[in-house]
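Notes follow the structure.
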Amino acid sequence: MLAGMTTAADERTAATRARVLDGARRAFARHGYEGATVKVLEAETGLSRGAIFHHFRDKQALFLALAEDDAERTAAVVERDGLVQVMRELAGKDAGWLGVQLEVRRRLRTDPDFAARWARHQDRVREATATRLTRQREAGVVRDDVPVELLGDFLRLALDGLVSSLAAGMPSTHLEGVLDLVEDAVRARPRRAP
């Protein structure tokens, strides 16, 4: 077979893997990491234990695959449009995505092995943010009176707060206005004439 060609078996494997990830996202969001037992994963995916763990070594590998996928998508949006755009897109995220994000944060605090494995994905988003902020600063769009690292930390804290708020079901009536304020906080200030 030529490189780049997929077979029907490859397509079925990819579809099953996607089904496992979709069901696992629901399971982790609804039941947390510990509550997402094999029985819960089977019920949420509609697949057997063997089918689930054919694609993922264990529950931790499955959870990490979800978190990694989210981190890669976040980094891609940051590179293209910035971290505030990631925040703007949160309003359209489903409860499953938000639940997995909360579970990632909890596991970072409680599971040293997970935190160690997750560090490189956090670095990917952090680096994408710093690169974008630096480019925007060079273009005169981002303020230059605050270090890029501090601006990045500010934006990540705003993102984490927003994820927590939305996942808790807090009203987001003024979300666009709040995000406009966050964006304005990092924008370059007009220079005053001497």
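Numbering starts fresh at 1 for the residues of each chain in the structure tokens, the chains themselves are lettered A, B, ... in the order given, and ligands are numbered from 1 as they appear.
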Subject >> Spatial neighbours of Gln122 (chain A), 12 Å, only C-alpha atoms, chain gap at least 2 places, as JSON, numbers by chain >> reply: {"A": [67, 68, 70, 71, 72, 74, 75, 104, 105, 108, 114, 115, 116, 117, 118, 119, 120, 124, 125, 126, 127, 128, 129, 156]}
Grab the residues selected above and save them as a compact mmCIF listing (two decimals), in the first residue's frame with N, CA, C and O atoms.
# COMPACT_ATOMS: atom_id res chain seq x y z
N ALA A 67 -6.73 15.20 27.64
CA ALA A 67 -6.11 16.45 28.08
C ALA A 67 -5.08 16.95 27.06
O ALA A 67 -5.01 18.14 26.78
N GLU A 68 -4.30 16.02 26.49
CA GLU A 68 -3.30 16.39 25.48
C GLU A 68 -3.97 16.96 24.24
O GLU A 68 -3.50 17.95 23.68
N ASP A 70 -6.84 18.48 24.07
CA ASP A 70 -7.31 19.82 24.41
C ASP A 70 -6.16 20.83 24.44
O ASP A 70 -6.30 21.95 23.95
N ALA A 71 -5.02 20.42 25.00
CA ALA A 71 -3.87 21.33 25.08
C ALA A 71 -3.34 21.67 23.69
O ALA A 71 -3.00 22.82 23.42
N GLU A 72 -3.30 20.69 22.81
CA GLU A 72 -2.82 20.94 21.44
C GLU A 72 -3.76 21.88 20.69
O GLU A 72 -3.32 22.79 19.98
N THR A 74 -5.74 24.06 22.08
CA THR A 74 -5.59 25.38 22.71
C THR A 74 -4.34 26.07 22.18
O THR A 74 -4.39 27.25 21.82
N ALA A 75 -3.23 25.36 22.12
CA ALA A 75 -1.99 25.94 21.62
C ALA A 75 -2.14 26.42 20.18
O ALA A 75 -1.63 27.49 19.82
N VAL A 104 -8.45 17.98 35.04
CA VAL A 104 -7.01 18.16 34.80
C VAL A 104 -6.42 18.99 35.93
O VAL A 104 -5.40 18.62 36.52
N ARG A 105 -7.06 20.09 36.28
CA ARG A 105 -6.54 20.96 37.32
C ARG A 105 -6.49 20.25 38.67
O ARG A 105 -5.54 20.39 39.43
N LEU A 108 -3.64 17.75 38.62
CA LEU A 108 -2.33 18.42 38.71
C LEU A 108 -1.95 18.65 40.17
O LEU A 108 -0.78 18.57 40.54
N PHE A 114 0.89 12.36 37.20
CA PHE A 114 0.14 13.05 36.14
C PHE A 114 0.74 14.44 35.91
O PHE A 114 0.92 14.86 34.77
N ALA A 115 1.04 15.16 37.00
CA ALA A 115 1.60 16.51 36.87
C ALA A 115 2.91 16.49 36.09
O ALA A 115 3.15 17.36 35.25
N ALA A 116 3.75 15.49 36.36
CA ALA A 116 5.03 15.39 35.65
C ALA A 116 4.80 15.13 34.15
O ALA A 116 5.47 15.73 33.30
N ARG A 117 3.86 14.24 33.84
CA ARG A 117 3.57 13.94 32.43
C ARG A 117 2.91 15.11 31.74
O ARG A 117 3.07 15.32 30.54
N TRP A 118 2.16 15.89 32.48
CA TRP A 118 1.40 17.00 31.92
C TRP A 118 2.25 18.25 31.68
O TRP A 118 1.92 19.09 30.87
N ALA A 119 3.37 18.35 32.38
CA ALA A 119 4.19 19.57 32.35
C ALA A 119 4.55 19.99 30.93
O ALA A 119 4.49 21.17 30.59
N ARG A 120 4.88 19.04 30.06
CA ARG A 120 5.30 19.43 28.70
C ARG A 120 4.14 20.01 27.90
O ARG A 120 4.34 20.84 27.03
N ARG A 124 3.81 23.78 26.28
CA ARG A 124 3.43 24.05 24.87
C ARG A 124 2.51 25.27 24.79
O ARG A 124 2.70 26.15 23.96
N VAL A 125 1.50 25.33 25.65
CA VAL A 125 0.58 26.47 25.65
C VAL A 125 1.30 27.72 26.14
O VAL A 125 1.14 28.81 25.58
N ARG A 126 2.13 27.59 27.16
CA ARG A 126 2.88 28.73 27.70
C ARG A 126 3.81 29.31 26.62
O ARG A 126 3.87 30.53 26.44
N GLU A 127 4.51 28.42 25.90
CA GLU A 127 5.41 28.89 24.84
C GLU A 127 4.64 29.55 23.70
O GLU A 127 5.07 30.58 23.17
N ALA A 128 3.52 28.97 23.32
CA ALA A 128 2.70 29.56 22.26
C ALA A 128 2.21 30.95 22.68
O ALA A 128 2.20 31.88 21.87
N THR A 129 1.83 31.09 23.94
CA THR A 129 1.37 32.38 24.45
C THR A 129 2.51 33.40 24.42
O THR A 129 2.32 34.53 23.95
N ARG A 156 -3.33 33.47 31.54
CA ARG A 156 -3.62 32.10 31.98
C ARG A 156 -4.50 32.09 33.23
O ARG A 156 -5.39 31.24 33.36
**OP:** With a distance cut-off of 7 Å and only C-alpha atoms, select the neighbouring residues of region 163-173 of chain A, excluding the residue or stretch itself and same-chain residues fewer than 2 positions from it, and output the selection as a PyMOL selection string.
**Re:** chain A and resi 95+98-99+102+159-161+175
**OP:** Would you please work out which residue, of A:Val100, A:Ala139, A:Val146, A:Leu151, is nearest to Arg30 (chain A) when using only C-alpha atoms?
**Re:**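 Looking only at the distances to Arg30 (chain A), the closest residue turns out to be A:Val100.
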**OP:** Mind checking which residues fall within 9 Å of region 11-16 of chain A, counting only C-alpha atoms, ignoring those fewer than 4 positions away in the same chain, and posting them as a list in words?
**Re:**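 Close residues of region 11-16 of chain A: Thr6, Thr7, Val20, Leu21, Leu47, Ala51, Ile52 and His55 of chain A.
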For the selection you just gave me, I'd like the residues written to a file as a short mmCIF file (atom, residue, chain, number, x, y, z; two decimals), in the first residue's frame, keeping N, CA and C atoms.
data_model
loop_
_atom_site.label_atom_id
_atom_site.label_comp_id
_atom_site.auth_asym_id
_atom_site.auth_seq_id
_atom_site.Cartn_x
_atom_site.Cartn_y
_atom_site.Cartn_z
N THR A 6 -5.23 5.25 3.35
CA THR A 6 -5.82 4.58 4.50
C THR A 6 -6.73 3.46 4.02
N THR A 7 -6.83 2.46 4.84
CA THR A 7 -7.71 1.35 4.52
C THR A 7 -9.01 1.51 5.30
N VAL A 20 -14.28 6.21 21.68
CA VAL A 20 -13.76 6.01 23.04
C VAL A 20 -13.49 7.37 23.69
N LEU A 21 -12.83 8.25 22.96
CA LEU A 21 -12.50 9.57 23.52
C LEU A 21 -13.76 10.37 23.84
N LEU A 47 -18.91 0.58 24.34
CA LEU A 47 -17.91 -0.40 23.90
C LEU A 47 -17.47 -1.26 25.07
N ALA A 51 -12.31 -3.28 23.84
CA ALA A 51 -12.28 -2.28 22.76
C ALA A 51 -11.70 -0.96 23.26
N ILE A 52 -12.05 -0.59 24.48
CA ILE A 52 -11.54 0.68 25.05
C ILE A 52 -10.04 0.59 25.24
N HIS A 55 -7.12 0.63 22.53
CA HIS A 55 -6.63 1.92 22.03
C HIS A 55 -5.82 2.69 23.07
#
Original post:
Taking only C-alpha atoms into account, which of A:Ala43, A:Leu162, A:Ala18, A:Leu150 comes nearest Lys93 (chain A)?
Top reply: A:Leu162
